[in-house]
>>> print(open('query.csv').read())   # CSV, C-alpha atoms
chain,number,residue,atom,x,y,z
A,1,MET,CA,106.2,138.3,152.8
A,2,LYS,CA,105.1,135.7,150.2
A,3,SER,CA,101.5,134.7,150.2
A,4,ALA,CA,100.8,131.1,151.0
A,5,VAL,CA,100.2,129.0,147.9
A,6,ARG,CA,97.0,127.0,148.1
A,7,GLU,CA,97.8,123.3,147.3
A,8,GLU,CA,95.1,121.5,145.3
A,9,TYR,CA,94.6,117.8,145.8
A,10,PRO,CA,92.7,115.5,143.4
A,11,ASP,CA,89.2,114.7,144.6
A,12,TRP,CA,90.2,111.0,144.6
A,13,VAL,CA,92.2,111.5,147.8
A,14,LYS,CA,89.4,113.2,149.6
A,15,ILE,CA,87.4,110.0,150.1
A,16,PRO,CA,88.3,107.2,152.5
A,17,ALA,CA,91.2,104.9,151.5
A,18,THR,CA,88.9,101.8,151.3
A,19,MET,CA,86.7,103.6,148.8
A,20,GLN,CA,89.7,104.8,146.8
A,21,HIS,CA,90.9,101.2,146.3
A,22,GLN,CA,87.4,100.0,145.4
A,23,PHE,CA,87.1,102.7,142.7
A,24,PHE,CA,90.6,101.8,141.3
A,25,GLU,CA,89.3,98.2,140.9
A,26,LEU,CA,86.1,99.4,139.3
A,27,ALA,CA,88.1,101.5,136.8
A,28,GLU,CA,90.2,98.5,135.9
A,29,GLN,CA,87.1,96.4,135.3
A,30,GLU,CA,85.5,99.1,133.1
A,31,ALA,CA,88.6,99.6,131.1
A,32,LYS,CA,88.7,95.9,130.2
A,33,LYS,CA,85.1,95.9,129.3
A,34,THR,CA,85.5,99.0,127.1
A,35,LYS,CA,88.5,97.5,125.3
A,36,GLN,CA,86.5,94.4,124.3
A,37,LYS,CA,83.6,96.6,123.1
A,38,LEU,CA,85.9,98.8,121.0
A,39,LEU,CA,87.6,95.8,119.4
A,40,LYS,CA,84.2,94.2,118.6
A,41,ASP,CA,82.9,97.5,117.1
A,42,THR,CA,85.8,97.9,114.7
A,43,GLU,CA,84.5,95.4,112.2
A,44,LYS,CA,80.9,96.7,112.3
A,45,LEU,CA,82.2,100.2,111.7
A,46,LYS,CA,84.2,99.1,108.7
A,47,MET,CA,81.0,97.5,107.2
A,48,PHE,CA,78.9,100.6,107.9
A,49,ARG,CA,81.5,103.0,106.5
A,50,ARG,CA,81.0,101.4,103.1
A,51,LEU,CA,77.3,102.5,103.1
A,52,LEU,CA,77.9,106.1,103.9
A,53,LYS,CA,78.6,109.0,101.6
A,54,PHE,CA,80.6,112.0,102.8
A,55,GLU,CA,81.2,115.2,100.8
A,56,GLU,CA,84.3,117.3,100.9
A,57,VAL,CA,83.8,120.9,102.0
A,58,PRO,CA,83.6,123.1,98.9
A,59,ASP,CA,85.9,126.0,98.2
A,60,ASP,CA,83.6,128.9,98.8
A,61,ASN,CA,84.4,132.3,100.2
A,62,GLN,CA,80.9,133.9,100.1
A,63,TRP,CA,81.0,134.2,103.9
A,64,LYS,CA,83.7,136.9,103.8
A,65,SER,CA,81.1,139.4,102.7
A,66,TRP,CA,78.4,138.1,105.1
A,67,ARG,CA,77.1,139.7,108.2
A,68,ILE,CA,76.8,136.8,110.6
A,69,ALA,CA,75.1,136.7,114.0
A,70,CYS,CA,75.4,134.1,116.7
A,71,VAL,CA,73.0,133.8,119.6
A,72,ASP,CA,73.1,131.8,122.8
A,73,GLY,CA,71.4,131.7,126.3
A,74,SER,CA,72.1,130.3,129.7
A,75,ASP,CA,70.0,129.5,132.8
A,76,SER,CA,70.9,128.8,136.4
A,77,PRO,CA,73.2,125.7,136.8
A,78,ILE,CA,71.5,125.4,140.2
A,79,ILE,CA,68.1,126.7,141.2
A,80,ASN,CA,68.5,128.5,144.5
A,81,GLU,CA,66.2,127.0,147.2
A,82,ARG,CA,65.0,129.1,150.1
A,83,ILE,CA,62.3,128.4,152.7
A,84,GLY,CA,60.0,131.0,151.1
A,85,ALA,CA,60.8,130.9,147.4
A,86,ARG,CA,62.7,129.1,144.6
A,87,TYR,CA,64.8,131.4,142.4
A,88,GLY,CA,66.3,131.0,138.9
A,89,THR,CA,68.3,133.3,136.7
A,90,TYR,CA,68.9,133.3,132.9
A,91,ALA,CA,70.5,135.3,130.2
A,92,ALA,CA,71.0,135.6,126.4
A,93,GLY,CA,73.1,137.5,124.1
A,94,TYR,CA,74.3,138.0,120.5
A,95,MET,CA,77.5,138.7,118.7
A,96,ILE,CA,77.6,140.0,115.1
A,97,PHE,CA,80.6,139.4,112.8
A,98,GLU,CA,81.3,141.0,109.4
A,99,GLY,CA,83.2,138.1,107.9
A,100,ASP,CA,85.4,137.0,110.8
A,101,LYS,CA,85.6,140.4,112.5
A,102,LEU,CA,83.4,141.2,115.5
A,103,ALA,CA,81.2,144.2,114.8
A,104,LYS,CA,78.6,144.3,117.6
A,105,GLU,CA,77.4,142.5,120.7
A,106,ASP,CA,74.7,142.9,123.3
A,107,TYR,CA,73.3,140.9,126.3
A,108,PHE,CA,69.9,140.5,128.1
A,109,SER,CA,69.0,139.1,131.5
A,110,GLY,CA,66.0,137.7,133.4
A,111,MET,CA,64.9,135.8,136.5
A,112,ILE,CA,61.9,133.9,137.8
A,113,SER,CA,60.8,133.2,141.4
A,114,HIS,CA,58.4,130.4,142.4
A,115,GLU,CA,56.8,129.7,145.7
A,116,GLN,CA,58.5,127.0,147.6
A,117,ILE,CA,55.9,124.4,146.8
A,118,GLY,CA,55.5,121.8,144.1
A,119,ASP,CA,58.1,119.9,142.1
A,120,GLN,CA,61.5,121.5,141.6
A,121,GLU,CA,61.8,119.8,138.2
A,122,VAL,CA,58.7,121.8,137.0
A,123,THR,CA,60.4,125.0,138.1
A,124,LYS,CA,63.6,124.0,136.2
A,125,LYS,CA,61.6,123.3,133.0
A,126,ILE,CA,59.8,126.6,133.2
A,127,LEU,CA,63.1,128.4,133.7
A,128,GLU,CA,64.5,126.6,130.7
A,129,LEU,CA,61.5,127.8,128.6
A,130,PHE,CA,62.0,131.4,129.7
A,131,CYS,CA,65.6,131.2,128.8
A,132,THR,CA,64.8,129.8,125.4
A,133,LYS,CA,62.1,132.5,125.0
A,134,LEU,CA,64.8,135.1,125.5
A,135,GLU,CA,67.1,133.4,123.1
A,136,ARG,CA,64.4,133.3,120.4
A,137,GLU,CA,63.5,136.9,120.9
A,138,THR,CA,67.2,137.9,120.7
A,139,ALA,CA,67.6,135.9,117.5
A,140,LEU,CA,64.5,137.5,115.9
A,141,HIS,CA,65.9,140.9,116.8
A,142,CYS,CA,69.1,140.1,114.8
A,143,LEU,CA,67.0,138.9,111.8
A,144,ARG,CA,64.7,141.9,111.8
A,145,HIS,CA,67.0,144.8,112.9
A,146,GLU,CA,70.6,143.8,112.3
A,147,ASN,CA,70.5,143.0,108.5
A,148,VAL,CA,72.3,139.6,109.0
A,149,ASP,CA,72.9,137.1,106.2
A,150,LEU,CA,73.4,134.1,108.5
A,151,LEU,CA,72.3,133.5,112.1
A,152,LEU,CA,73.7,130.7,114.2
A,153,ILE,CA,71.8,129.6,117.3
A,154,ASP,CA,73.2,127.2,119.9
A,155,GLY,CA,71.0,124.1,120.2
A,156,SER,CA,68.3,122.6,118.1
A,157,PHE,CA,65.3,124.6,116.9
A,158,PHE,CA,63.0,122.5,118.9
A,159,GLY,CA,65.3,121.0,121.5
A,160,PHE,CA,63.3,122.5,124.3
A,161,ARG,CA,60.3,120.2,123.5
A,162,THR,CA,61.4,117.4,125.9
A,163,ARG,CA,59.0,117.3,128.9
A,164,CYS,CA,57.0,120.3,127.8
A,165,SER,CA,53.9,118.2,128.4
A,166,GLU,CA,54.7,118.1,132.1
A,167,VAL,CA,54.3,121.9,132.5
A,168,ILE,CA,51.5,122.7,130.0
A,169,ASN,CA,48.9,122.9,132.8
A,170,GLU,CA,51.2,124.4,135.5
A,171,PRO,CA,50.5,127.9,136.6
A,172,VAL,CA,53.3,130.4,135.6
A,173,ASN,CA,51.9,133.9,136.1
A,174,VAL,CA,55.2,135.5,134.9
A,175,GLU,CA,55.4,138.1,132.0
A,176,GLY,CA,51.8,137.6,131.1
A,177,PHE,CA,52.0,133.8,130.7
A,178,ARG,CA,49.2,132.3,132.8
A,179,ARG,CA,50.1,128.6,132.3
A,180,GLY,CA,53.1,126.6,131.0
A,181,GLY,CA,51.1,125.8,127.8
A,182,ASP,CA,51.0,129.5,126.9
A,183,LEU,CA,54.8,129.7,127.3
A,184,VAL,CA,55.4,126.6,125.2
A,185,ASP,CA,53.2,127.9,122.4
A,186,TYR,CA,55.1,131.2,122.3
A,187,VAL,CA,58.5,129.6,122.2
A,188,ARG,CA,57.4,127.1,119.6
A,189,ASN,CA,56.0,129.8,117.3
A,190,LYS,CA,59.1,132.0,117.6
A,191,SER,CA,61.3,128.9,116.8
A,192,ILE,CA,59.2,128.2,113.7
A,193,GLN,CA,59.7,131.8,112.6
A,194,LEU,CA,63.4,131.4,112.8
A,195,MET,CA,63.5,128.1,110.9
A,196,GLU,CA,61.1,129.5,108.2
A,197,SER,CA,63.5,132.4,107.6
A,198,LYS,CA,65.9,130.0,106.0
A,199,LYS,CA,68.7,132.2,107.3
A,200,VAL,CA,69.1,130.4,110.6
A,201,VAL,CA,71.3,127.4,111.3
A,202,ALA,CA,71.1,125.5,114.7
A,203,VAL,CA,74.4,124.1,116.0
A,204,ILE,CA,73.7,121.1,118.2
A,205,LYS,CA,76.6,120.3,120.5
A,206,ARG,CA,74.9,117.7,122.8
A,207,VAL,CA,73.2,115.3,120.3
A,208,ARG,CA,72.3,111.8,121.2
A,209,THR,CA,70.4,110.7,118.0
A,210,SER,CA,70.6,107.0,117.2
A,211,ALA,CA,69.1,107.0,113.7
A,212,PHE,CA,72.0,104.9,112.2
A,213,ASP,CA,71.3,101.9,114.4
A,214,GLY,CA,67.6,102.2,113.7
A,215,TRP,CA,68.3,102.2,109.9
A,216,ILE,CA,70.7,99.3,110.2
A,217,ALA,CA,68.1,97.2,112.1
A,218,TYR,CA,65.4,98.1,109.6
A,219,ARG,CA,67.5,97.3,106.6
A,220,GLY,CA,68.9,94.0,108.0
A,221,GLY,CA,65.7,92.8,109.6
A,222,ASN,CA,67.2,92.5,113.0
A,223,GLU,CA,69.6,94.1,115.5
A,224,ASN,CA,72.6,91.8,114.9
A,225,HIS,CA,74.6,94.5,113.0
A,226,CYS,CA,73.7,97.4,115.2
A,227,ILE,CA,76.7,99.3,116.6
A,228,ASN,CA,75.1,100.3,119.8
A,229,ARG,CA,76.5,103.8,119.7
A,230,ASN,CA,74.9,107.1,119.0
A,231,ASP,CA,75.3,108.7,115.6
A,232,ARG,CA,77.9,111.3,116.6
A,233,ASP,CA,80.0,108.7,118.3
A,234,ILE,CA,79.9,106.5,115.1
A,235,LEU,CA,80.8,109.4,112.8
A,236,ALA,CA,83.7,110.4,115.1
A,237,SER,CA,85.3,107.0,114.3
A,238,ILE,CA,84.8,107.0,110.5
A,239,MET,CA,84.2,110.5,109.2
A,240,PRO,CA,87.2,112.2,107.6
A,241,SER,CA,87.9,115.8,108.5
A,242,ARG,CA,87.0,118.6,106.1
A,243,HIS,CA,83.9,116.6,105.1
A,244,TRP,CA,80.2,116.9,105.9
A,245,PHE,CA,77.3,114.5,105.9
A,246,ALA,CA,73.5,114.8,105.4
A,247,TYR,CA,71.1,112.2,106.9
A,248,GLU,CA,69.0,112.2,103.8
A,249,TRP,CA,71.9,110.7,101.8
A,250,LEU,CA,71.5,107.5,103.9
A,251,VAL,CA,67.8,107.4,105.0
A,252,GLY,CA,66.3,108.9,101.9
A,253,ALA,CA,64.4,112.0,103.1
A,254,PRO,CA,65.3,115.0,105.3
A,255,ASP,CA,62.8,114.1,108.0
A,256,ALA,CA,63.4,110.4,108.1
A,257,PHE,CA,66.1,110.5,110.8
A,258,ASN,CA,63.3,111.5,113.3
A,259,TYR,CA,61.6,108.1,112.7
A,260,PHE,CA,64.7,106.0,112.6
A,261,GLY,CA,65.7,107.6,115.9
A,262,TRP,CA,62.7,105.8,117.5
A,263,PHE,CA,63.2,102.5,115.7
A,264,ARG,CA,65.4,100.5,118.1
A,265,THR,CA,63.2,101.3,121.1
A,266,THR,CA,60.1,100.4,119.2
A,267,LEU,CA,61.7,97.2,117.9
A,268,GLU,CA,62.5,96.0,121.4
A,269,GLN,CA,58.9,96.6,122.5
A,270,TYR,CA,57.3,94.8,119.5
A,271,PRO,CA,59.4,91.7,119.0
A,272,GLY,CA,58.3,89.5,116.0
A,273,ARG,CA,56.6,92.3,114.1
A,274,SER,CA,57.7,93.1,110.5
A,275,MET,CA,60.2,95.9,109.9
A,276,GLU,CA,57.6,97.9,108.0
A,277,THR,CA,55.2,97.7,111.0
A,278,ILE,CA,58.0,98.8,113.3
A,279,LEU,CA,58.8,101.8,111.1
A,280,LYS,CA,55.1,102.8,111.0
A,281,GLU,CA,54.9,102.6,114.8
A,282,SER,CA,58.2,104.6,115.1
A,283,THR,CA,56.8,107.3,112.8
A,284,LEU,CA,53.6,107.4,114.9
A,285,ARG,CA,55.6,107.8,118.1
A,286,ALA,CA,57.7,110.6,116.7
A,287,THR,CA,54.6,112.5,115.5
A,288,ASN,CA,52.7,111.9,118.8
A,289,ASP,CA,55.7,113.2,120.8
A,290,ILE,CA,55.4,116.5,118.9
A,291,LYS,CA,51.7,116.7,119.3
A,292,LEU,CA,52.0,116.0,123.1
A,293,ASN,CA,54.9,118.4,123.8
A,294,LEU,CA,54.6,121.1,121.2
A,295,ARG,CA,50.8,121.0,120.5
A,296,CYS,CA,51.2,121.6,116.7
A,297,PRO,CA,51.1,119.6,113.5
A,298,PRO,CA,54.3,117.5,113.2
A,299,SER,CA,54.7,118.8,109.6
A,300,ASP,CA,55.6,122.2,111.1
A,301,ILE,CA,58.5,120.7,112.9
A,302,PHE,CA,59.7,118.2,110.3
A,303,LYS,CA,60.9,120.9,107.9
A,304,THR,CA,64.5,120.7,109.0
A,305,SER,CA,67.3,118.7,107.7
A,306,ARG,CA,70.2,117.5,109.9
A,307,TYR,CA,73.9,117.4,109.0
A,308,TYR,CA,77.2,116.6,110.5
A,309,MET,CA,80.4,118.6,110.0
A,310,HIS,CA,83.9,117.4,110.8
A,311,CYS,CA,86.4,120.3,110.6
A,312,ILE,CA,89.5,118.8,112.3
A,313,ASN,CA,90.7,115.4,113.3
A,314,SER,CA,91.5,116.4,116.9
A,315,ALA,CA,87.8,117.2,117.7
A,316,PRO,CA,84.6,115.2,117.0
A,317,PRO,CA,82.1,116.2,114.3
A,318,PHE,CA,79.2,118.4,115.3
A,319,CYS,CA,75.6,118.3,114.3
A,320,PHE,CA,73.7,121.2,112.8
A,321,GLU,CA,70.2,121.6,111.3
A,322,ALA,CA,68.6,124.0,108.9
A,323,HIS,CA,65.4,124.4,106.9
A,324,LYS,CA,65.3,121.6,104.3
A,325,ASP,CA,65.3,124.1,101.5
A,326,THR,CA,68.5,125.9,102.6
A,327,ASP,CA,71.6,125.5,100.5
A,328,VAL,CA,74.1,124.6,103.2
A,329,ARG,CA,77.2,124.3,101.0
A,330,PRO,CA,78.3,127.9,101.5
A,331,ILE,CA,77.6,127.5,105.2
A,332,VAL,CA,79.8,124.4,105.6
A,333,ALA,CA,82.6,126.3,103.9
A,334,TYR,CA,82.1,129.0,106.5
A,335,PHE,CA,82.3,126.4,109.3
A,336,GLN,CA,85.5,125.0,107.9
A,337,ALA,CA,87.2,128.4,107.6
A,338,ASN,CA,86.0,129.6,111.0
A,339,HIS,CA,86.2,126.6,113.4
A,340,ASN,CA,87.8,126.6,116.8
A,341,LYS,CA,90.7,124.1,116.6
A,342,ALA,CA,90.2,123.1,120.3
A,343,THR,CA,86.5,122.1,119.9
A,344,GLY,CA,85.9,121.8,116.2
A,345,LEU,CA,82.9,124.1,116.5
A,346,PRO,CA,82.3,127.4,114.8
A,347,PHE,CA,84.3,129.9,116.9
A,348,PRO,CA,81.5,132.4,117.2
A,349,ILE,CA,79.4,129.7,119.0
A,350,ASP,CA,82.2,129.1,121.4
A,351,LEU,CA,82.6,132.9,122.0
A,352,ILE,CA,79.0,133.6,122.7
A,353,ASP,CA,78.7,130.5,124.9
A,354,GLN,CA,81.6,131.6,127.0
A,355,ASN,CA,80.2,135.1,127.4
A,356,VAL,CA,76.6,134.2,128.4
A,357,THR,CA,77.2,131.2,130.6
A,358,LEU,CA,76.2,132.0,134.1
A,359,PRO,CA,78.7,130.9,136.8
A,360,ARG,CA,77.6,128.0,139.0
A,361,ARG,CA,77.2,130.1,142.1
A,362,PHE,CA,75.8,133.2,140.5
A,363,THR,CA,72.1,132.6,141.4
A,364,LYS,CA,73.1,132.2,145.1
A,365,GLU,CA,74.8,135.6,145.0
A,366,PHE,CA,71.9,137.1,143.1
A,367,VAL,CA,69.4,136.0,145.8
A,368,GLU,CA,71.7,137.3,148.5
A,369,GLU,CA,71.6,140.7,146.8
A,370,ILE,CA,67.8,140.6,146.9
A,371,GLU,CA,67.9,139.8,150.6
A,372,ALA,CA,70.4,142.6,151.3
A,373,ILE,CA,68.2,145.1,149.6
A,374,LEU,CA,65.2,144.0,151.7
A,375,VAL,CA,67.2,144.0,155.0
A,376,ARG,CA,67.7,147.7,154.6
A,377,ASP,CA,63.9,148.2,154.3
A,378,PRO,CA,62.6,149.5,157.7
A,379,GLU,CA,59.0,148.3,157.0
A,380,LEU,CA,59.9,144.6,157.0
A,381,ASP,CA,60.2,142.4,160.0
A,382,LYS,CA,63.8,141.1,160.1
A,383,TYR,CA,62.8,137.8,161.7
A,384,SER,CA,60.3,136.9,159.0
A,385,LEU,CA,62.7,138.1,156.3
A,386,SER,CA,65.4,135.8,157.7
A,387,ASN,CA,63.1,132.9,157.7
A,388,HIS,CA,62.0,133.6,154.1
A,389,PHE,CA,65.5,133.6,152.8
A,390,MET,CA,66.9,130.7,154.9
A,391,HIS,CA,68.4,127.8,152.9
A,392,LEU,CA,66.0,124.9,152.4
A,393,ASN,CA,68.8,122.5,153.3
A,394,PRO,CA,71.6,124.3,155.3
A,395,GLN,CA,73.7,121.1,155.2
A,396,LYS,CA,73.9,121.2,151.4
A,397,GLU,CA,74.2,124.9,150.6
A,398,GLU,CA,75.5,125.6,147.1
>>> encode(input="query.csv", output="structure tokens")
Amino acid sequence: MKSAVREEYPDWVKIPATMQHQFFELAEQEAKKTKQKLLKDTEKLKMFRRLLKFEEVPDDNQWKSWRIACVDGSDSPIINERIGARYGTYAAGYMIFEGDKLAKEDYFSGMISHEQIGDQEVTKKILELFCTKLERETALHCLRHENVDLLLIDGSFFGFRTRCSEVINEPVNVEGFRRGGDLVDYVRNKSIQLMESKKVVAVIKRVRTSAFDGWIAYRGGNENHCINRNDRDILASIMPSRHWFAYEWLVGAPDAFNYFGWFRTTLEQYPGRSMETILKESTLRATNDIKLNLRCPPSDIFKTSRYYMHCINSAPPFCFEAHKDTDVRPIVAYFQANHNKATGLPFPIDLIDQNVTLPRRFTKEFVEEIEAILVRDPELDKYSLSNHFMHLNPQKEE
């Protein structure tokens, strides 16, 4: 007897017909709007393209004799909410390649539980920091004990800094960290150690930097020629494949992209001010953001340079950063020779990402395992146990 084949329907048909028609109309309207924007942007992109310098990837096979590690981590896609506690899981791992051949891999796991009080967003941020902590410790293990020539990490060296100020005074009491500030300091110091090694490159897949438009507004004295797209989007339209780009070729210094990234927002808030005044204020905002969230001198953080690499036309360029004194030419040659044709990213980054990513429903199953273990314990009251592990909102279970 043949098993029944489950027929999958598009999500579109799962909503009421009236809503379906409304969304069709909204899609039509948005398509027309997007068409006009793209046509308008074409001329601006042509003008900006003349100002950019791209370099062709050099022929360099040094990487074939390198020992290369890649590290990534993952935390719970959804925090599991119960009446008595809030749970999160995280993991990290590394893979080591000799040239393009896998030589070794290992993985590590962790979890946190918070009392079911306070802001869920605080718990999410603390979970993210513990995940980054495990990633940094894994990366440092590779540097110290695995004799690697190059180490790739997934994400910016200091990408975790967003909203750190919100958890600095929050109690943690996990793994010896009393408050969020202790955890932030630990992760920051480990990240600086990785950067200072000059053997580590951070591959940034989700980058929203808009330094180009800031630089265009500063140079032109107004926003008239701004493209209103983030830098990666702009480069995807104009950057040839097998080429790479460094911000300092345009903005003059390795750290200047940080300041120009704040420029448009600052300009809107201080109309009528001179461009030099706006740039000074943008610089002040960038440095104050670091002092507020990472609690360290900005000079410790602004030692990185950022670059873009475009390996193949069928995928967009990706961003990466390294210590400003690192010679990245042999590294871009490695990226070109070892990219995933589907994503344009270095294939070791895609492999480790696939291996460590926790499934969407994993934390729910993990918490159910904790509950199952406790159910078998004769010392516990089953009614209290059931209440503790009951879903916070049974209507919207994961």
>>> closest_atom_pairs(input="query.csv", of="range 296-341 of chain A", to="range 199-211 of chain A", cutoff="6 Å", atoms="all atoms listed in the file", output="Markdown table")
| residue | atom | partner | partner_atom | distance |
| --- | --- | --- | --- | --- |
| A:Cys319 | CA | A:Ile204 | CA | 5.2 |
| A:Phe320 | CA | A:Val203 | CA | 4.4 |
| A:Glu321 | CA | A:Ala202 | CA | 5.3 |
| A:Ala322 | CA | A:Val201 | CA | 5.0 |
>>> closest_residue(input="query.csv", among="A:Ala246, A:Val148, A:Met309, A:Ala217", to="Thr266 in chain A", atoms="only C-alpha atoms")
A:Ala217
>>> closest_residue(input="query.csv", among="A:Gly159, A:Pro330, A:Pro317, A:Pro16", to="Arg242 in chain A", atoms="only C-alpha atoms")
A:Pro317
>>> closest_residue(input="query.csv", among="A:Trp215, A:Met275, A:Asn288, A:Cys296", to="Tyr186 in chain A", atoms="all atoms listed in the file")
A:Cys296
>>> atom_distance(input="query.csv", atom1="CA of Ser74 in chain A", atom2="CA of Ala139 in chain A")
14.2 Å
>>> residues_around(input="query.csv", residues="range 193-198 of chain A", least_positions_apart="3", cutoff="8 Å", atoms="all atoms listed in the file", output="list in words")
Arg136, Ala139, Leu140, Phe157, Asn189, Lys190, Val201, Thr304, Ala322, His323, Asp325 and Thr326 of chain A
>>> residues_around(input="query.csv", residues="Ile68 in chain A", least_positions_apart="3", cutoff="9 Å", atoms="only C-alpha atoms", output="list in words")
Trp63, Met95, Ile96, Phe97, Glu98, Gly99, Asp100, Val148, Asp149, Leu150, Leu151 and Leu152 of chain A
>>> closest_residue(input="query.csv", among="A:Ala92, A:Ile15, A:Ile331, A:Ile112", to="Thr132 in chain A", atoms="all atoms listed in the file")
A:Ala92
